[in-house]
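Quick notes on the structure that follows.
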Amino acid sequence: MKKLSGGMLTAIAAFGVVVGTTYLHGRMTDRWTGQNVAAELQQAAELLEKRFPKHCGDWEVAEELDSSPEELKRAGAVGHISRSYVNTRSKAQLSAFVVCATPHDASGHTPDRCYPGAGFEIAETEHRQTVPLADGRNAEVFTGTFRKAGQTLRVFWTYSMEDKWVAPQIARIELANARAVYKVYVIIDESTLPPGVGAKVCAEFLSDVLTQFDAALKEPNPASQPGV
């Protein structure tokens with residue numbers, strides 16, 4: 001058998017990398033599934049906008065917030081909500097930004113990229129944290145802080161996957177089989193708060209809101225019921 005030259009071996013290896021990368025990208029963007037996911041994605045987006053809680057535990061919506069078209073485009077948002085919430089008991093305030101997108105789009109727009117692009121510096125590097133939910137489950141989340149001109153923002157973010165909330169190491173790979181992904185951001189201004197309070201408040205909000213949102217998603221859709 002003729003021995004392959006070093007150049008030929010390199011070419012074969014390079015070809016294998018290209019094929020493997022192309023296949024993986026196809027999986028992440030649903031190219032190879034033979035299914036049109038647009039309808040499922042749109043349905044998931046509508047459920048987000050209709051059913052994400054406006055009231056949960058001691059929290060209620062304080063204001064519906066505007067989102068820039070550029071921000072939504074970068075996030076690949078098919079559907080979204082953007083709101084500020086206030087705790088009626090403690091008067092704590094925070095904001096929530098939630099998008100429904102493909103796994104590919106949802107995994108690419110992360111705070112460690114977008115906040116530095118807006119002039120913030122990373123103050124506390126992102127790390128995983130477990131948040132106990134009100135229904136007894138646990139949610140995996142990322143959290144970190146970003147600082148600019150004396151303002152410090154703490155951000156929590158997490159992804160939905162098969163009735164779970166996860167903080168994947170490589171989101172584009174671990175979420176690749178999902179048809180639609182909900183990505184939840186919770187932001188609180190820690191500038192004047194004692195150490196640890198902002199993280200505690202965000203975790204308490206997530207405990208209530210994720211539990212209630214999951215329950216709302218399981219409710220029957222009236223539009224799909226006979227005779228409706």
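Note on naming: chains are A, B, ... as they come in the structure tokens, residues start from 1 per chain, ligands start from 1 in the order shown.
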
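Omitting Thr125 in chain A and its sequence neighbours fewer than 6 positions away, and counting only C-alpha atoms, the residues within 9 Å are Asp112, Thr143, Gly144, Thr145 and Phe146 of chain A.
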
Those same residues - N, CA and C atoms - I'd like them written as an mmCIF file, in the first residue's frame.
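What follows is the written file again-v1.cif:
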```cif
data_model
loop_
_atom_site.group_PDB
_atom_site.id
_atom_site.type_symbol
_atom_site.label_atom_id
_atom_site.label_comp_id
_atom_site.auth_asym_id
_atom_site.auth_seq_id
_atom_site.Cartn_x
_atom_site.Cartn_y
_atom_site.Cartn_z
ATOM 1 N N ASP A 112 -21.528 38.550 29.228
ATOM 2 C CA ASP A 112 -20.089 38.796 29.207
ATOM 3 C C ASP A 112 -19.615 39.352 27.875
ATOM 4 N N THR A 143 -24.274 33.882 37.071
ATOM 5 C CA THR A 143 -24.367 35.227 37.612
ATOM 6 C C THR A 143 -23.010 35.899 37.563
ATOM 7 N N GLY A 144 -23.035 37.210 37.457
ATOM 8 C CA GLY A 144 -21.814 38.005 37.430
ATOM 9 C C GLY A 144 -22.185 39.462 37.569
ATOM 10 N N THR A 145 -21.195 40.341 37.741
ATOM 11 C CA THR A 145 -21.475 41.766 37.868
ATOM 12 C C THR A 145 -20.685 42.555 36.835
ATOM 13 N N PHE A 146 -21.259 43.728 36.495
ATOM 14 C CA PHE A 146 -20.684 44.595 35.474
ATOM 15 C C PHE A 146 -20.726 46.034 35.989
#
```

Exercise. Using DSSP on the backbone coordinates, identify all residues within range 10-224 of chain A classified as helix (DSSP H, G or I); present the result as JSON, numbers by chain.
Key: {"A": [10, 11, 12, 13, 14, 15, 16, 17, 18, 19, 20, 21, 22, 23, 24, 25, 26, 27, 28, 38, 39, 40, 41, 42, 43, 44, 45, 46, 47, 48, 49, 50, 51, 69, 70, 71, 72, 73, 74, 75, 103, 104, 105, 106, 107, 108, 111, 112, 113, 114, 115, 116, 117, 171, 172, 173, 174, 197, 198, 199, 200, 201, 202, 203, 204, 205, 206, 207, 208, 209, 210, 211, 212, 213, 214, 215, 216, 217, 222, 223, 224]}

Practice problem: Within 12 Å of Leu65 in chain A, counting only C-alpha atoms, which residues show up once you throw out same-chain ones fewer than 3 positions away? Write them as JSON, numbers by chain, please. | Solution: {"A": [61, 62, 68, 80, 81, 82, 83, 84, 85, 94, 95, 96, 97, 98]}

Quiz item: Do you know which residues are at most 10 Å from range 161-171 of chain A counting only C-alpha atoms, after dropping those on the same chain fewer than 2 positions away, and could you put them as number ranges by chain?
Solution: A: 103-104, 106-108, 127-131, 137-143, 157-159, 173-184, 210, 214-215, 217-218

Selection from above, C-alpha atoms, as an mmCIF file, in the first residue's frame, can you write it?
```
data_model
loop_
_atom_site.group_PDB
_atom_site.id
_atom_site.type_symbol
_atom_site.label_atom_id
_atom_site.label_comp_id
_atom_site.auth_asym_id
_atom_site.auth_seq_id
_atom_site.Cartn_x
_atom_site.Cartn_y
_atom_site.Cartn_z
ATOM 1 C CA PRO A 103 -30.617 27.487 20.433
ATOM 2 C CA HIS A 104 -28.046 28.991 18.076
ATOM 3 C CA ALA A 106 -30.022 32.249 22.302
ATOM 4 C CA SER A 107 -26.549 30.945 23.105
ATOM 5 C CA GLY A 108 -24.648 33.675 21.278
ATOM 6 C CA HIS A 127 -20.017 31.628 37.631
ATOM 7 C CA ARG A 128 -22.681 28.978 38.116
ATOM 8 C CA GLN A 129 -25.097 28.971 40.985
ATOM 9 C CA THR A 130 -27.994 26.719 41.968
ATOM 10 C CA VAL A 131 -31.301 28.392 42.780
ATOM 11 C CA ARG A 137 -36.726 21.650 41.868
ATOM 12 C CA ASN A 138 -33.407 23.398 41.310
ATOM 13 C CA ALA A 139 -32.423 25.793 38.546
ATOM 14 C CA GLU A 140 -28.888 26.243 37.279
ATOM 15 C CA VAL A 141 -28.007 29.876 36.613
ATOM 16 C CA PHE A 142 -25.046 32.037 35.716
ATOM 17 C CA THR A 143 -24.367 35.227 37.612
ATOM 18 C CA TRP A 157 -29.203 34.323 33.349
ATOM 19 C CA THR A 158 -30.426 30.832 32.588
ATOM 20 C CA TYR A 159 -31.788 28.744 29.700
ATOM 21 C CA ILE A 173 -23.857 22.249 21.780
ATOM 22 C CA GLU A 174 -25.862 21.354 24.879
ATOM 23 C CA LEU A 175 -29.003 23.152 23.666
ATOM 24 C CA ALA A 176 -28.677 22.064 20.032
ATOM 25 C CA ASN A 177 -31.566 19.561 20.066
ATOM 26 C CA ALA A 178 -34.131 22.042 21.386
ATOM 27 C CA ARG A 179 -36.647 23.548 18.974
ATOM 28 C CA ALA A 180 -37.010 26.780 20.946
ATOM 29 C CA VAL A 181 -35.153 28.147 23.949
ATOM 30 C CA TYR A 182 -36.287 30.598 26.596
ATOM 31 C CA LYS A 183 -33.448 32.649 28.001
ATOM 32 C CA VAL A 184 -34.139 34.630 31.162
ATOM 33 C CA LEU A 210 -39.530 30.286 37.020
ATOM 34 C CA ASP A 214 -43.209 26.534 34.045
ATOM 35 C CA ALA A 215 -46.646 25.857 35.489
ATOM 36 C CA LEU A 217 -46.591 26.692 30.088
ATOM 37 C CA LYS A 218 -48.261 23.392 30.994
#
```

Quiz item: range 57-139 of chain A: which residues are strand (DSSP E) by DSSP, as a ChimeraX atom specification?
Solution: /A:59-64,79-87,93-101,121-132,138-139

Practice problem: Could you tell me how far CA of Ala134 in chain A lies from CA of Lys200 in chain A, in Å and to one decimal? | Solution: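 If I compute the distance from CA of Ala134 in chain A to CA of Lys200 in chain A, I get 14.5 Å.
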
Quiz item: Between A:Gly79, A:His109, A:Ser67, A:Ala123, which one has atoms that come closest to Phe52 in chain A, using only C-alpha atoms?
Solution: A:Gly79

Quiz item: Mind pulling up the distance from CA of Cys56 in chain A to CA of Phe213 in chain A?
Solution: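 Pair CA of Phe213 in chain A / CA of Cys56 in chain A returns 9.2 Å.
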